[in-house]
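A.B. asks: The structure follows.
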Amino acid sequence: NSSLGTISRCLKAQQLTQCYTNIGMMGILLCCCLRSPVTTCCQTGSISFLDFKDPVEIHKRKLFLWFSHLPKEEKQFGGLFSPETMHVDPLILERKDEERAGLLQSPYKTQTSSSHSLTVEQLFDPTDAWCEGRGLNVLLYGAVGTGKATIVRKLVLDWCAGNTMTHFKLLLPFTCEDLSQLTKAVSLRDLVGRKYLHLKNHPLLSGDRDHAKDVLFLFNGMEKMQLDFRIGSSELCSDPNEPLPPSVLIVNLLRKYLLPEASILMATRLSAVERIPQKYVSRYAQICGFNDPDRQRAYFTSRLLQSEEAAQNKEAQTLIELLYLHLQSESQLAAACFLPSYCWLTCATLHFLHFTTTQAPIRTLTGIYTSFFRLNFGGEVLGTRTGTSPSSQEHQSSLMRYVVLTVGKLAFDGVMNKRTSFSDKELEQWIGGKTKTDEELHQLAVFQTDVLDFFLAPCVKSGNHSSKELCEDNEKLYVFAVPALQEYLAALYIVLGENKSALQKLTSQVSVAIGQASEDVSALVNILSKFIPLRLFAIFNLLKLFPKLYEKISSYNKGKIARTMAVEMFRTEDSHNDDVLDQVEQSLLGVHGPQPQQFDDSKSFELYPIFMGGLLQYSNRVLLQQLDCNVQSTTVVQITRALRKHLVRELSKPQPPEELMDLLVLLYEFQNPRLTVEVLSSIKSICLTNVRMTSLKCFILSSVLSCASASYHLKELDLSSCLLTHNMLQMLVPAFRHAHSLNLQFNNLGPDSCILLKDLLLDPKTYISSLQLCDNPLLDSGVRILLEALPQNQSLIYLSLMHTGLGNSGALELAERLPQHTGLQELNVAYNAISEEAAVALVDACREHPTIHTLHLYFNPITDEGKQSLYGRGVTGNQGNNQQVKVLASVTEGSDISGGWHPILKVIQENASSWDHKRVKQQLKVHTFSALSFEGGRRTFSVSLPSPSSLLSICVLCF
């Protein structure tokens, strides 16, 4: 009560100036309950005071709340979401009558057009044909993905805030999809009052005098309305109170018979431009997307750097710069990002690749592409022609389903034949080659006008990239706007079961027919006679035969899909490619640095099987169902069962690190814990050495391994040379709990990472027996932190701290801590600038230790006499347990080869490319090696040893 009283007093005193993001929806409702004169300003987020008794102000407040709501896909770019700051105006061109239906040919040719650009505010500037007392009818049109819905939404929000269209006192937005569903006749005033109750009987809509000049009607999605401007089909009406069908009301508004002073803004697709007669349109304006890299960069910056943390992140800023350089090169991505929808897809993918955190909800690459299609094609259908009967409109086909059957089939053919570009003839063959009826031809024309350019764009690549795909007559080639889009559509085409043989289609039809038939034998015979000659089968066995036959063929088809996924996943010719996540990133950011001398024209489609697995995920199937693309649960079960068998069999063979990373991505995209556990049971070691790890890859590795039980253990988890950082290490801790041997060599782990490693060694759930930290800048301060875990950890057997900046102080600290750990057997502290005094202390500590048998001390500044002394101290065992320690300090012992020469030379061979060359050369000279040289990228050692047989042994065993 006291809080409500305080709020009430502040409201009465008009002192409430909280941000909208702080007051939230509950605050708005509270203000309404208190009947306070408070509303929000959508531009600044501040609270302004208005009279709630004014229906127009109530209308503005409600419109702001309605149009501020965004789909969940838009909320993935950070917690501090501000849609107004993330909006970038696309290019809007005023079109003349003769070019109103012209299609855009290229994003780089719009600047040479005779049309001039407009802002949203200029859409309703008076035209030459405008006359006093009549409002303007503006037709705003564009292809799919150009940003029509975004412009409409921004216009409404700006009008609510008083930033644009201020000369209109009332803005009335309508969705034509809703209007097309109304079957009862209704008057214009009742239609407005039905959607906006607070505006019922508003005087601006009465038709008296010229009040309607202050009204702007906004009809979004005009292609959904089957408008008929023939007098015989739509009667004339000038009374706002006369009930008529919604389509007739709109026709009369456009004719200027009904509220002639009112202005109208219509947003529609390209194919519907000609449906509205020219004499009823005052201005044509075409949305042309982002016609230059600067608009694209502004969009990417507003999306990827919209939060304060991201804006201060140097990695994020570098990401924007790389993306901008790629756009400036007039690459294929620049042509795709001409459409704002592809800018959204690019931002969502980059956000997924670079800004994935453990706190963020689970997102997958397949989910991003599925959401992309839901945002662009959700609820969209291939409309029928004007004047079509309502009964035929009920059977309109889903636009996304049509895309799968046409463009998806083209994509699948390209994947199967390793092709990414297609000629005009091939497009005609795959997309329009089998149309027969007049209605199908009409749907094809609509599809080609509105949608085809959304998926396929003219190929802008030249030179070696398309040399093998050029036609003899230099015919123009088309490619998918985004390369991954081809693989997604091909995967969707397969998962939906569209790649069927004639026998499979026949049995499917027969099975449906039998299921719909009654028990009447004659009815069943009549239905079956439409599909097969009955003389081939016994009539009494048909009912039993075909369901079983269909089930058998259907299960075989699902097994074939699973086999295809496994085969595509483990292609031997693709084993040396980058992993799929790096390939996706390179397609968006380009390849920077030295280019390969020889370009390989063969295209690898490694995302294709991963998308097939991701499309079987439940959340993606729910989104696909909204697009009329249904994947049955029984289909998922059959594919999953067959896929498990194929994956387990393939994993019996050793896989390259990149292929293993792709497998982890597949399991992550699948989001099926049971399948993941069964596949992991056949994996004993995970080697990802030299894979460029990112936060996303670390998250995927941890997520996949977290599906396994606590009793599941890997023999080895190798993450050497993976460019790991401290933040990545935090994400990998759950994965480390499943490893016996953990290899973290050659990464960027500093002293702060030792805190995590210490906690890991102290965790009772971990069983790490081998920990390799070679070539990480841990320094002596980090090693001290790590050594604090030794007293309580009893699982560690092998510890490598080679070339970690240990120093004398760290070595002495290690010598003091060793007696507290009784299980350690081998210790490597080579190449750590350890002097002879500290080395002696270490050897003595190891000699007194009950289990340590090997100590690595080579590449430390120790004299020959000191090395000889260390050998002697290691051999002289403890009086109590006769423990001897093998000290590896040098390749030679005087004029003889040391007994530990082989492991030392093996370590030198593995690390010579990353260590300081001068230091290595100097040390090899000390070890009687005369030179170290590199020829053609290969390491070559020139040695001088007392015995030729010894030289031969080194050459055979080491090289």
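Order determines the names: the first chain of the structure tokens is A, the second B, and so forth; residues in each chain are numbered 1 upward, and ligands are numbered 1 upward as they are shown.
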Do you know which residues are at most 6 Å from range 661-675 of chain A counting only C-alpha atoms, after dropping those on the same chain fewer than 6 positions away, and could you put them as a list in words?

C.D. replies: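 What passes the distance filter is Thr364, Asp579, Ile610, Gly613, Gly614, Gln617 and Cys707 of chain A.
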
A.B. asks: Of the candidates A:His442, A:Ala491, A:Gly810, A:Lys697, which one gets nearest to Asp413 in chain A if we count only C-alpha atoms?

C.D. replies: A:Ala491

A.B. asks: Using only C-alpha atoms, which of the listed residues (A:Val495, A:Ile362, A:Leu323, A:Leu254) sits closest to Leu624 in chain A?

C.D. replies: A:Val495

A.B. asks: If you measure from CA of Leu489 in chain A to CA of Ala334 in chain A, what distance in Å do you get, rounded to one decimal?

C.D. replies: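 Calculated distance between CA of Leu489 in chain A and CA of Ala334 in chain A is 21.2 Å.
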
A.B. asks: Mind checking which residues fall within 6 Å of range 418-433 of chain A, counting only C-alpha atoms, ignoring those fewer than 5 positions away in the same chain, and posting them as a VMD selection string?

C.D. replies: chain A and resid 406 410 477 to 479 603

A.B. asks: Write a file of the just-selected residues containing C-alpha atoms, as a PDB file, in the first residue's frame.

C.D. replies:
```
ATOM      1  CA  THR A 406      10.709 -26.488 -57.051  1.00  0.00           C
ATOM      2  CA  LEU A 410      16.958 -27.827 -57.954  1.00  0.00           C
ATOM      3  CA  LEU A 477      24.586 -18.440 -64.516  1.00  0.00           C
ATOM      4  CA  TYR A 478      22.585 -18.226 -61.300  1.00  0.00           C
ATOM      5  CA  VAL A 479      23.601 -19.260 -57.813  1.00  0.00           C
ATOM      6  CA  LYS A 603      32.460 -28.261 -54.120  1.00  0.00           C
TER       7      LYS A 603
END
```
